[in-house]
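Colleague: What follows is the file model_6.txt, containing compact mmCIF, C-alpha atoms and all ligand atoms:
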# COMPACT_ATOMS: atom_id res chain seq x y z
CA MET A 1 8.08 -78.36 108.17
CA LEU A 2 6.00 -76.60 105.59
CA PHE A 3 5.63 -73.74 108.02
CA LEU A 4 9.38 -73.54 108.40
CA ARG A 5 9.86 -73.58 104.65
CA LEU A 6 7.40 -70.72 104.32
CA ILE A 7 9.36 -68.73 106.82
CA CYS A 8 12.52 -69.50 104.91
CA LEU A 9 10.91 -68.47 101.69
CA SER A 10 9.58 -65.19 103.00
CA TRP A 11 12.91 -64.51 104.60
CA LEU A 12 14.58 -65.13 101.26
CA MET A 13 12.14 -62.80 99.52
CA LEU A 14 12.81 -60.14 102.09
CA TRP A 15 16.48 -60.63 101.68
CA SER A 16 16.28 -60.39 97.89
CA THR A 17 14.21 -57.19 98.13
CA PHE A 18 16.89 -55.85 100.36
CA ALA A 19 19.59 -56.93 97.92
CA LEU A 20 17.72 -55.27 95.06
CA SER A 21 17.52 -52.04 97.03
CA ALA A 22 20.89 -51.14 95.70
CA GLN A 23 21.07 -48.03 97.73
CA GLY A 24 19.96 -46.08 100.73
CA ILE A 25 19.81 -42.30 100.86
CA ASP A 26 21.51 -41.07 103.99
CA SER A 27 21.54 -37.35 103.40
CA VAL A 28 19.13 -34.78 102.03
CA ARG A 29 19.65 -31.02 101.90
CA LEU A 30 17.24 -28.16 101.33
CA HIS A 31 18.27 -24.65 100.19
CA ARG A 32 15.87 -21.78 99.92
CA GLY A 33 16.73 -19.12 97.28
CA PRO A 34 14.91 -15.89 96.42
CA ASP A 35 12.64 -17.62 93.86
CA HIS A 36 13.03 -21.37 94.33
CA THR A 37 13.47 -24.20 96.80
CA ARG A 38 16.15 -26.77 96.03
CA ILE A 39 16.05 -30.24 97.55
CA VAL A 40 19.08 -32.47 97.05
CA PHE A 41 19.31 -36.22 97.64
CA ASP A 42 22.81 -37.72 97.91
CA LEU A 43 23.00 -41.04 96.05
CA ASN A 44 25.49 -43.92 95.76
CA ALA A 45 24.45 -44.50 92.17
CA PRO A 46 22.00 -43.08 89.63
CA LEU A 47 18.40 -44.03 90.37
CA GLU A 48 15.06 -44.27 88.67
CA HIS A 49 12.60 -41.65 89.82
CA LYS A 50 9.28 -40.14 88.87
CA LEU A 51 7.82 -36.77 89.79
CA ASP A 52 4.19 -35.68 89.65
CA LYS A 53 2.57 -32.35 90.31
CA LEU A 54 -0.90 -32.59 91.80
CA ALA A 55 -3.46 -29.93 92.65
CA ASN A 56 -6.28 -29.58 95.21
CA PRO A 57 -4.41 -29.46 97.42
CA ASP A 58 -1.11 -28.48 95.76
CA ARG A 59 1.53 -31.14 96.27
CA ILE A 60 4.50 -32.74 94.58
CA VAL A 61 4.85 -36.52 94.62
CA LEU A 62 8.31 -37.95 94.11
CA ASP A 63 8.77 -41.69 93.68
CA LEU A 64 12.24 -43.10 94.17
CA ILE A 65 12.63 -46.63 92.81
CA ASP A 66 14.63 -49.32 94.60
CA VAL A 67 15.87 -47.06 97.28
CA ASP A 68 15.55 -46.66 101.02
CA LEU A 69 15.33 -43.20 102.46
CA ASN A 70 17.28 -43.38 105.71
CA PHE A 71 17.25 -39.65 106.28
CA ASP A 72 14.63 -38.11 108.56
CA VAL A 73 13.10 -35.40 106.35
CA ALA A 74 11.55 -33.77 109.43
CA ARG A 75 15.05 -32.38 110.04
CA LEU A 76 14.88 -30.22 106.90
CA GLU A 77 14.26 -26.53 107.46
CA TYR A 78 11.57 -25.40 105.00
CA SER A 79 9.66 -22.81 107.01
CA ASP A 80 10.48 -19.97 104.57
CA SER A 81 9.50 -22.04 101.50
CA PRO A 82 6.09 -22.93 100.01
CA ILE A 83 6.42 -26.41 101.55
CA THR A 84 4.13 -27.01 104.53
CA ASN A 85 4.89 -30.66 105.18
CA ILE A 86 7.00 -33.55 103.83
CA ARG A 87 5.68 -37.10 104.07
CA VAL A 88 7.48 -40.35 103.29
CA GLY A 89 5.96 -43.77 102.65
CA LYS A 90 6.73 -47.13 101.02
CA HIS A 91 4.71 -48.24 97.98
CA ASP A 92 4.64 -51.48 96.00
CA GLY A 93 7.53 -52.82 98.02
CA ASN A 94 10.35 -51.09 96.17
CA ARG A 95 9.09 -47.56 95.82
CA THR A 96 9.84 -44.80 98.32
CA ARG A 97 7.30 -42.04 97.93
CA VAL A 98 8.09 -38.51 99.15
CA VAL A 99 5.18 -36.09 99.18
CA PHE A 100 5.76 -32.35 99.50
CA ASP A 101 2.59 -30.59 100.65
CA LEU A 102 2.52 -27.00 99.42
CA LYS A 103 0.78 -23.78 100.34
CA ASP A 104 1.43 -22.29 96.88
CA SER A 105 1.71 -23.82 93.44
CA VAL A 106 5.28 -24.37 92.17
CA ARG A 107 6.97 -25.36 88.91
CA PRO A 108 9.02 -28.48 89.65
CA ARG A 109 12.14 -29.62 87.86
CA THR A 110 14.41 -32.60 88.49
CA ASN A 111 18.01 -33.13 87.54
CA LEU A 112 20.22 -36.16 88.11
CA LEU A 113 23.77 -34.91 88.58
CA LYS A 114 26.95 -36.84 87.89
CA PRO A 115 29.55 -36.90 90.65
CA VAL A 116 31.67 -33.78 91.08
CA ASP A 117 34.01 -33.15 93.98
CA PRO A 118 32.98 -33.03 96.88
CA PHE A 119 29.73 -34.80 95.90
CA GLY A 120 28.79 -38.19 94.46
CA TRP A 121 25.62 -38.73 92.41
CA ARG A 122 22.84 -36.33 93.35
CA LEU A 123 19.16 -36.01 92.56
CA VAL A 124 18.16 -32.35 92.58
CA ILE A 125 14.52 -31.27 92.83
CA ASP A 126 13.92 -27.58 92.18
CA LEU A 127 10.56 -26.10 93.05
CA TYR A 128 10.31 -22.68 91.38
CA ASP A 129 7.83 -20.29 92.97
CA ASP A 130 4.91 -19.79 90.63
CA ASP A 131 4.52 -16.26 91.84
CA PRO A 132 7.99 -15.07 92.76
CA ALA A 133 8.33 -11.99 94.91
CA PRO A 134 8.80 -8.97 92.64
CA VAL A 135 12.44 -8.10 92.10
CA LYS A 136 13.26 -4.93 93.91
CA ALA A 137 13.59 -2.15 91.38
CA ALA A 138 17.03 -0.63 91.60
CA PRO A 139 17.40 2.23 89.17
CA LYS A 140 20.74 3.93 88.98
CA PRO A 141 20.74 6.65 91.62
CA LEU A 142 20.75 9.73 89.45
CA GLN A 143 21.31 13.27 90.59
CA GLU A 144 21.59 13.34 94.36
CA SER A 145 21.59 16.39 96.57
CA GLY A 146 24.97 17.60 95.41
CA GLY A 147 24.13 17.08 91.74
CA SER A 148 26.32 13.98 91.59
CA ARG A 149 25.60 10.28 91.64
CA SER A 150 26.74 7.49 93.93
CA MET A 151 28.99 4.71 92.67
CA ILE A 152 27.19 1.37 92.75
CA VAL A 153 29.26 -1.47 94.19
CA ALA A 154 27.98 -5.03 93.79
CA ILE A 155 29.29 -7.34 96.51
CA ASP A 156 29.27 -10.98 95.45
CA ALA A 157 29.65 -13.54 98.24
CA GLY A 158 31.12 -16.60 96.50
CA HIS A 159 29.44 -20.03 96.41
CA GLY A 160 26.35 -20.64 98.60
CA GLY A 161 23.62 -23.22 98.96
CA GLU A 162 24.56 -26.53 97.37
CA ASP A 163 28.08 -25.22 96.63
CA PRO A 164 29.90 -24.96 99.99
CA GLY A 165 33.16 -23.70 98.46
CA ALA A 166 36.28 -24.72 100.38
CA ARG A 167 36.13 -26.29 103.83
CA GLY A 168 38.58 -25.54 106.63
CA PRO A 169 40.28 -28.19 108.79
CA SER A 170 37.81 -27.62 111.63
CA GLY A 171 34.82 -27.58 109.34
CA VAL A 172 34.29 -23.88 108.56
CA TYR A 173 32.65 -23.43 105.14
CA GLU A 174 33.87 -20.79 102.71
CA LYS A 175 30.28 -19.98 101.65
CA ASN A 176 29.43 -18.94 105.21
CA VAL A 177 32.46 -16.78 106.04
CA VAL A 178 32.37 -14.97 102.70
CA LEU A 179 28.67 -14.19 103.17
CA ALA A 180 29.35 -12.82 106.66
CA MET A 181 32.21 -10.71 105.31
CA SER A 182 30.14 -9.48 102.37
CA LYS A 183 27.38 -8.35 104.72
CA ARG A 184 29.92 -6.48 106.84
CA LEU A 185 31.32 -4.78 103.76
CA TYR A 186 27.78 -3.90 102.69
CA ASN A 187 27.00 -2.33 106.07
CA LEU A 188 30.22 -0.31 106.07
CA MET A 189 29.64 0.92 102.51
CA LYS A 190 26.07 1.93 103.30
CA LYS A 191 27.46 4.56 105.68
CA GLU A 192 29.86 5.98 103.06
CA PRO A 193 28.82 9.07 101.14
CA GLY A 194 29.13 8.52 97.40
CA ILE A 195 28.78 4.72 97.50
CA LYS A 196 25.66 2.62 97.07
CA PRO A 197 26.36 -1.05 97.85
CA VAL A 198 24.22 -4.01 96.73
CA LEU A 199 24.50 -7.69 97.67
CA VAL A 200 24.39 -10.23 94.84
CA ARG A 201 23.34 -12.98 97.25
CA ASP A 202 22.12 -12.35 100.79
CA GLY A 203 21.42 -15.88 102.03
CA ASP A 204 22.55 -19.48 101.83
CA TYR A 205 21.56 -20.26 98.24
CA TYR A 206 23.46 -20.63 95.00
CA VAL A 207 23.45 -18.13 92.15
CA PRO A 208 24.95 -19.31 88.81
CA LEU A 209 28.15 -17.47 87.86
CA ALA A 210 26.69 -15.82 84.74
CA GLU A 211 23.61 -14.82 86.73
CA ARG A 212 25.78 -13.09 89.34
CA ARG A 213 27.20 -10.74 86.73
CA LYS A 214 23.76 -10.16 85.23
CA ILE A 215 22.25 -9.28 88.60
CA ALA A 216 25.06 -6.79 89.20
CA SER A 217 25.18 -5.21 85.75
CA ASP A 218 21.56 -5.42 84.53
CA ARG A 219 19.46 -5.28 87.68
CA TYR A 220 21.66 -2.94 89.70
CA GLN A 221 23.77 -1.30 86.97
CA ALA A 222 26.81 -1.64 89.16
CA ASP A 223 29.99 0.28 88.40
CA VAL A 224 32.15 -2.12 90.39
CA PHE A 225 31.85 -5.84 91.06
CA ILE A 226 33.71 -7.45 93.96
CA SER A 227 33.57 -11.21 94.40
CA ILE A 228 34.58 -12.36 97.89
CA HIS A 229 36.22 -15.77 98.38
CA ALA A 230 38.63 -17.73 100.59
CA ASP A 231 41.36 -19.98 99.24
CA ALA A 232 42.15 -23.60 99.93
CA PHE A 233 45.21 -25.63 99.10
CA THR A 234 46.50 -29.13 99.84
CA ASP A 235 49.53 -27.64 101.59
CA HIS A 236 48.01 -26.43 104.86
CA LYS A 237 50.87 -24.01 105.37
CA ALA A 238 49.76 -21.90 102.39
CA HIS A 239 48.42 -18.58 103.64
CA GLY A 240 47.72 -14.97 102.81
CA ALA A 241 45.18 -12.89 100.92
CA SER A 242 45.30 -12.10 97.21
CA VAL A 243 43.36 -10.16 94.59
CA PHE A 244 42.54 -11.23 91.04
CA ALA A 245 41.33 -9.61 87.86
CA LEU A 246 40.37 -11.17 84.54
CA SER A 247 43.25 -12.00 82.22
CA ASN A 248 43.69 -11.36 78.53
CA ARG A 249 46.87 -13.40 78.20
CA GLY A 250 46.28 -16.59 80.17
CA ALA A 251 46.90 -16.85 83.88
CA THR A 252 49.72 -14.80 85.43
CA SER A 253 50.76 -17.81 87.51
CA ALA A 254 50.01 -21.52 87.73
CA ARG A 255 48.17 -20.88 90.98
CA ALA A 256 45.99 -18.17 89.42
CA GLY A 257 45.04 -20.53 86.60
CA TYR A 258 44.31 -23.33 89.06
CA LEU A 259 42.14 -21.06 91.22
CA ALA A 260 40.14 -19.83 88.23
CA LYS A 261 39.57 -23.44 87.18
CA ILE A 262 38.29 -24.34 90.64
CA ALA A 263 36.13 -21.21 90.84
CA ASN A 264 34.62 -21.92 87.43
CA GLU A 265 33.60 -25.40 88.66
CA SER A 266 31.12 -23.76 91.08
CA ASP A 267 28.19 -24.13 88.68
CA ARG A 268 28.80 -27.86 88.31
CA VAL A 269 29.14 -28.34 92.07
CA ALA A 270 25.95 -26.41 92.68
CA GLY A 271 24.09 -28.32 89.96
CA VAL A 272 23.35 -25.50 87.50
CA TYR A 273 21.43 -26.66 84.42
CA GLU A 274 23.34 -26.82 81.18
CA GLU A 275 21.32 -24.09 79.45
CA GLU A 276 21.88 -21.66 82.30
CA LYS A 277 25.60 -21.91 81.88
CA ASP A 278 27.53 -19.07 80.47
CA ASN A 279 28.22 -19.23 76.76
CA ASN A 280 29.68 -15.77 76.36
CA GLY A 281 32.86 -15.95 74.38
CA LEU A 282 35.72 -15.02 76.64
CA LEU A 283 37.69 -13.44 73.83
CA SER A 284 35.02 -10.94 72.83
CA VAL A 285 34.43 -10.01 76.47
CA LEU A 286 38.15 -9.44 76.91
CA ALA A 287 38.22 -7.25 73.83
CA ASP A 288 35.30 -5.26 75.21
CA MET A 289 36.96 -4.94 78.59
CA THR A 290 40.19 -3.72 77.07
CA MET A 291 38.29 -1.28 74.87
CA SER A 292 36.18 0.11 77.67
CA GLY A 293 39.17 0.45 79.97
CA SER A 294 37.54 -1.65 82.64
CA MET A 295 40.46 -4.09 82.50
CA ALA A 296 42.99 -1.40 83.42
CA HIS A 297 40.62 -0.05 86.03
CA SER A 298 40.11 -3.51 87.52
CA LEU A 299 43.88 -3.65 88.00
CA TYR A 300 43.95 -0.16 89.59
CA LEU A 301 41.15 -1.13 91.95
CA GLY A 302 42.76 -4.49 92.74
CA ARG A 303 46.05 -2.80 93.52
CA GLN A 304 44.43 -0.37 95.98
CA VAL A 305 42.48 -3.15 97.72
CA LEU A 306 45.59 -5.33 97.97
CA GLU A 307 47.56 -2.40 99.38
CA GLU A 308 44.99 -1.88 102.14
CA MET A 309 44.58 -5.57 102.89
CA GLY A 310 48.33 -5.81 103.38
CA ASP A 311 47.90 -3.59 106.46
CA VAL A 312 45.52 -6.01 108.21
CA THR A 313 46.49 -9.48 107.00
CA LYS A 314 49.37 -11.36 105.42
CA LEU A 315 49.40 -11.36 101.64
CA HIS A 316 49.93 -14.55 99.69
CA GLY A 317 53.59 -14.79 98.74
CA ASP A 318 54.01 -11.36 100.41
CA ARG A 319 53.44 -9.83 97.02
CA LYS A 320 51.39 -6.76 96.26
CA LYS A 321 50.67 -7.85 92.75
CA VAL A 322 47.18 -8.28 91.33
CA GLU A 323 47.07 -11.68 89.66
CA GLN A 324 45.03 -12.45 86.58
CA ALA A 325 43.21 -15.51 85.26
CA ALA A 326 40.04 -16.45 83.39
CA PHE A 327 37.47 -16.22 86.20
CA ALA A 328 34.01 -16.67 84.67
CA VAL A 329 32.39 -14.48 87.31
CA LEU A 330 34.56 -11.49 86.26
CA LYS A 331 33.67 -11.58 82.54
CA GLU A 332 31.55 -8.47 82.33
CA PRO A 333 32.87 -5.58 80.25
CA SER A 334 30.52 -2.99 81.74
CA MET A 335 31.93 -3.28 85.26
CA VAL A 336 35.28 -2.87 86.96
CA SER A 337 35.60 -6.36 88.45
CA ILE A 338 37.89 -8.04 90.96
CA LEU A 339 37.91 -11.26 92.94
CA VAL A 340 39.28 -11.08 96.47
CA GLU A 341 40.68 -14.21 98.12
CA THR A 342 40.54 -13.11 101.75
CA GLY A 343 42.90 -15.82 103.04
CA PHE A 344 43.40 -19.60 103.10
CA ILE A 345 40.57 -21.38 104.88
CA SER A 346 42.69 -24.55 104.60
CA ASN A 347 45.23 -22.97 106.96
CA ARG A 348 44.23 -23.54 110.59
CA THR A 349 45.17 -20.03 111.78
CA GLU A 350 43.54 -18.27 108.86
CA GLU A 351 40.42 -20.44 109.14
CA LYS A 352 40.07 -19.22 112.73
CA ASN A 353 40.68 -15.61 111.66
CA LEU A 354 38.26 -15.75 108.73
CA ASN A 355 35.60 -17.07 111.07
CA SER A 356 36.14 -14.31 113.66
CA SER A 357 33.94 -11.23 113.48
CA ARG A 358 36.84 -8.96 114.42
CA HIS A 359 39.00 -10.13 111.54
CA GLN A 360 36.06 -10.09 109.12
CA GLU A 361 35.40 -6.47 110.08
CA LYS A 362 39.08 -5.56 109.55
CA LEU A 363 39.15 -7.15 106.12
CA ALA A 364 35.86 -5.54 105.12
CA ARG A 365 37.18 -2.15 106.18
CA ALA A 366 40.39 -2.69 104.22
CA ILE A 367 38.40 -3.54 101.09
CA LEU A 368 36.25 -0.45 101.63
CA ASN A 369 39.34 1.74 102.02
CA GLY A 370 40.79 0.33 98.81
CA VAL A 371 37.55 0.98 96.93
CA ASN A 372 37.39 4.51 98.33
CA GLN A 373 40.92 5.22 97.20
CA TYR A 374 40.22 3.88 93.76
CA PHE A 375 37.13 6.11 93.43
CA GLU A 376 39.05 9.11 94.74
CA THR A 377 42.00 8.65 92.43
CA HIS A 378 39.87 7.68 89.41
CA PRO A 379 36.62 9.58 89.96
CA ALA A 380 33.93 8.71 87.40
CA PRO A 381 32.52 11.78 85.62
CA GLY A 382 29.37 13.00 87.34
CA SER A 383 30.08 10.99 90.47
CA TRP A 384 30.07 12.23 94.05
CA TYR A 385 33.83 11.62 94.03
CA ALA A 386 34.33 13.81 90.99
CA ALA A 387 32.34 16.54 92.71
CA GLN A 388 34.50 16.24 95.83
CA ARG A 389 37.63 16.53 93.78
CA GLY A 390 36.68 19.32 91.45
CA GLY A 391 33.97 21.04 93.39
CA GLY A 392 34.82 24.37 91.70
CA SER A 393 37.75 25.02 93.97
CA ASP A 394 41.38 24.46 93.06
CA VAL A 395 42.12 22.11 95.90
CA ALA A 396 40.46 19.29 97.78
CA SER A 397 40.66 18.84 101.52
CA HIS A 398 40.88 15.80 103.71
CA ARG A 399 39.85 15.49 107.33
CA ILE A 400 42.19 13.10 109.19
CA ALA A 401 40.39 9.93 110.27
CA PRO A 402 41.67 7.34 112.78
CA GLY A 403 44.27 5.16 111.08
CA ASP A 404 45.25 7.75 108.48
CA THR A 405 48.94 8.35 107.93
CA LEU A 406 50.62 10.96 105.77
CA SER A 407 51.67 8.22 103.37
CA SER A 408 48.19 6.65 103.18
CA ILE A 409 46.69 10.06 102.40
CA ALA A 410 49.36 10.73 99.77
CA ARG A 411 48.60 7.36 98.20
CA ARG A 412 44.88 7.97 98.32
CA TYR A 413 45.08 11.24 96.38
CA SER A 414 48.00 10.22 94.17
CA VAL A 415 50.23 13.03 95.41
CA SER A 416 53.70 12.85 96.89
CA GLU A 417 54.22 13.06 100.63
CA SER A 418 56.52 16.03 100.20
CA ALA A 419 53.87 17.91 98.17
CA LEU A 420 51.42 17.20 100.97
CA ARG A 421 53.88 18.45 103.62
CA ASN A 422 54.68 21.59 101.63
CA GLN A 423 51.05 22.44 100.94
CA ASN A 424 50.19 22.17 104.65
CA ASN A 425 53.42 23.56 106.13
CA LEU A 426 54.10 20.34 107.99
CA SER A 427 57.59 19.91 109.41
CA SER A 428 57.08 16.22 110.22
CA ASP A 429 54.81 13.30 109.41
CA VAL A 430 52.80 13.79 112.61
CA ILE A 431 49.10 14.39 111.93
CA LYS A 432 46.12 14.54 114.29
CA VAL A 433 42.65 13.03 113.97
CA GLY A 434 40.23 15.77 112.94
CA GLN A 435 42.95 17.94 111.41
CA VAL A 436 42.07 19.09 107.87
CA LEU A 437 44.75 18.84 105.19
CA THR A 438 44.68 20.65 101.88
CA ILE A 439 45.34 18.27 99.02
CA PRO A 440 47.47 19.73 96.25
CA ARG A 441 46.52 19.05 92.65
CA SER A 442 48.27 15.90 91.52
ZN ZN B 1 35.72 -19.61 96.40
Could you render the structure from this file as structure tokens?
Modeller:
Amino acid sequence: MLFLRLICLSWLMLWSTFALSAQGIDSVRLHRGPDHTRIVFDLNAPLEHKLDKLANPDRIVLDLIDVDLNFDVARLEYSDSPITNIRVGKHDGNRTRVVFDLKDSVRPRTNLLKPVDPFGWRLVIDLYDDDPAPVKAAPKPLQESGGSRSMIVAIDAGHGGEDPGARGPSGVYEKNVVLAMSKRLYNLMKKEPGIKPVLVRDGDYYVPLAERRKIASDRYQADVFISIHADAFTDHKAHGASVFALSNRGATSARAGYLAKIANESDRVAGVYEEEKDNNGLLSVLADMTMSGSMAHSLYLGRQVLEEMGDVTKLHGDRKKVEQAAFAVLKEPSMVSILVETGFISNRTEEKNLNSSRHQEKLARAILNGVNQYFETHPAPGSWYAAQRGGGSDVASHRIAPGDTLSSIARRYSVSESALRNQNNLSSDVIKVGQVLTIPRS
């Protein structure tokens, strides 16, 4: 009888321990960035935790109180991080201890994040590399062979890491397709004379919005900033690509305002620390942008990109109008900046397209063509494009490339089709690949 009662008692104790363990952690993610490793625990509720950094050998000890870790940490991919092993054990009955063995010393930081769509409570552990790889020096390419410089284009793949962006009906993540597209655009631009592309992020990690602009303008001294995204909307029929610039008079449409609001949430979704957030006053930036002309130029560039994209994909609302709203990532007066929504990932057909390499390549080429046209029609002083245009001679020439039409060439050089026909004695609009046209002064 006593024996039975003991069993009952211990069973009760077990049960109460279980009841006290208010939560179990079912999912853990790990993202490796250029200078840090981020580990994220999904929680049902806030939890008590304690983190210690120990040396000889270097390791981080994380104690989670009153919680069961149901996720197998062996599934995490940490081979490119300073972590060599992750161990989990139970201590003092209610304490789950996670030990990160390290090959290099790190600076740890924890952050308990309040719920934000699509996540609930999260515990974020950041391990900053003590000795980060040196940032690649990227001085502005000065005088090149022709005595002119290349235009630097920063390509910013939206979202990344802890911030997945939008998710398509069959599970395609925006952060992945926009990175693939950005890399394609980068590779195409690398082959272009007169353009030097740089990637703001080149892997699956998050970069805070303000940091993205800083990387582009301070580290790379970019002339142009292009942020690549894909839309999502509750109405799955919504479709088409669109291009946005910053606004100085509120959003140009309800949708533009809504999109900017969603895009500006990225930092919260990704778990950016408060002090890293952007505190630049929007108004002063807008004044600077208007003053420096980069606002007008952002609209010129956007218009050219939209025009080209219209040839390879449907445009949202079938309109060739650059929309404007207060996108935080575009607030940089020193750069001509646009945000390209390449299509609706929430639309089944467009999700499939956005995920296909053929379509990605088409879109990337369209963006490149738009950028090229913008540089050709608005050549920056001292640039390769300015040299092509002026070059000492009265006229420029253009060698016909596949896909060129008389009207696309006219548009590209801001001349009329009839002026182009007259200058080259053309009796029709028929042109041949390889043929060289003389471009009249516009
Ligand atoms: Zn996005």
Colleague: Quick one: of A:Arg213, A:Arg29, A:Arg97, A:His229, who's nearest to ligand ZN 1 (chain B), counting all atoms listed in the file?
Modeller: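 Among the listed residues, the smallest separation from ligand ZN 1 (chain B) belongs to A:His229.
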Colleague: Can you tell me, as a VMD selection string, what residues are no more than 8 Å from Arg38 (chain A) when counting only C-alpha atoms, ignoring any on the same chain fewer than 5 positions away?
Modeller: chain A and resid 30 to 33 124 to 127
Colleague: Please write the residues from the selection above to a file, keeping C-alpha atoms, as a compact mmCIF listing (two decimals), in the frame of the given file.
Modeller:
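Result file is result-v6.txt:
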# COMPACT_ATOMS: atom_id res chain seq x y z
CA LEU A 30 17.24 -28.16 101.33
CA HIS A 31 18.27 -24.65 100.19
CA ARG A 32 15.87 -21.78 99.92
CA GLY A 33 16.73 -19.12 97.28
CA VAL A 124 18.16 -32.35 92.58
CA ILE A 125 14.52 -31.27 92.83
CA ASP A 126 13.92 -27.58 92.18
CA LEU A 127 10.56 -26.10 93.05
Colleague: When you count all atoms listed in the file, which of these residues is closest to ligand ZN 1 (chain B): A:Asp202, A:Asp311, A:Glu192, A:Asp156?
Modeller: A:Asp156
Colleague: Around the point (33.6, 11.2, 86.8), in the coordinates given by the file, pick out the residues reaching within 12 Å, counting all atoms listed in the file, and return them as a PyMOL selection string.
Modeller: chain A and resi 148-151+194+223+375-391
Colleague: Considering all atoms listed in the file, can you say which of A:Ser356, A:Ile262, A:Thr438, A:Asp404 comes closest to ligand ZN 1 (chain B)?
Modeller: A:Ile262
Colleague: May I have the residues within 12 Å of ligand ZN 1 (chain B), computed using all atoms listed in the file, as a VMD selection string?
Modeller: chain A and resid 156 to 160 163 to 167 173 to 179 209 227 to 233 258 to 267 269 327 329 339 to 346
Colleague: Measuring between all atoms listed in the file, which one of A:Val172, A:Met335, A:Ala419, A:Leu185 shows the shortest distance to Arg348 (chain A)?
Modeller: A:Val172
Colleague: Could you check which of A:Val243, A:Met181, A:Ile439, A:Val88 is closest to Ser337 (chain A), using all atoms listed in the file?
Modeller: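 Of A:Val243, A:Met181, A:Ile439, A:Val88, the one nearest Ser337 (chain A) is A:Val243, counting all atoms listed in the file.
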Colleague: Skip Asp52 (chain A) itself and residues of its chain fewer than 6 positions away, then list as a PyMOL selection string all residues within 7 Å of it, counting only C-alpha atoms.
Modeller: chain A and resi 60-62
Colleague: One decimal, in Å: what's the spacing between CA of Gln324 (chain A) and CA of Asp288 (chain A)?
Modeller: 16.6 Å
Colleague: Hey, can you check how far CA of Gln423 (chain A) sits from CA of Gln373 (chain A)?
Modeller: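 Result for CA of Gln423 (chain A) versus CA of Gln373 (chain A): 20.3 Å, one decimal.
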Colleague: For Leu54 (chain A), which of A:Lys320, A:Arg107, A:Arg411, A:Lys191 is the closest residue, counting only C-alpha atoms?
Modeller: A:Arg107
Colleague: Do you know which residues are at most 7 Å from Lys103 (chain A) counting only C-alpha atoms, after dropping those on the same chain fewer than 4 positions away, and could you put them as an NGL selection string?
Modeller: :A and (58 or 82-84)
Colleague: Measure the distance from CA of Asp235 (chain A) to CA of Asp117 (chain A) in Å and round it to one decimal.
Modeller: 18.1 Å
Colleague: Pick out the residues sitting within 8 Å of Val67 (chain A), and hand them over as a PyMOL selection string; count all atoms listed in the file, and ignore anything fewer than 3 positions along from it in its own chain.
Modeller: chain A and resi 21-25+47+64+94-96
Colleague: Hey, what's within 9 Å of Leu199 (chain A) if we count all atoms listed in the file and toss same-chain stuff fewer than 3 positions away? As a list in words, please?
Modeller: Val153, Ala154, Ile155, Asp156, Ala157, Ser182, Lys183, Tyr186, Asp202 and Ala216 of chain A
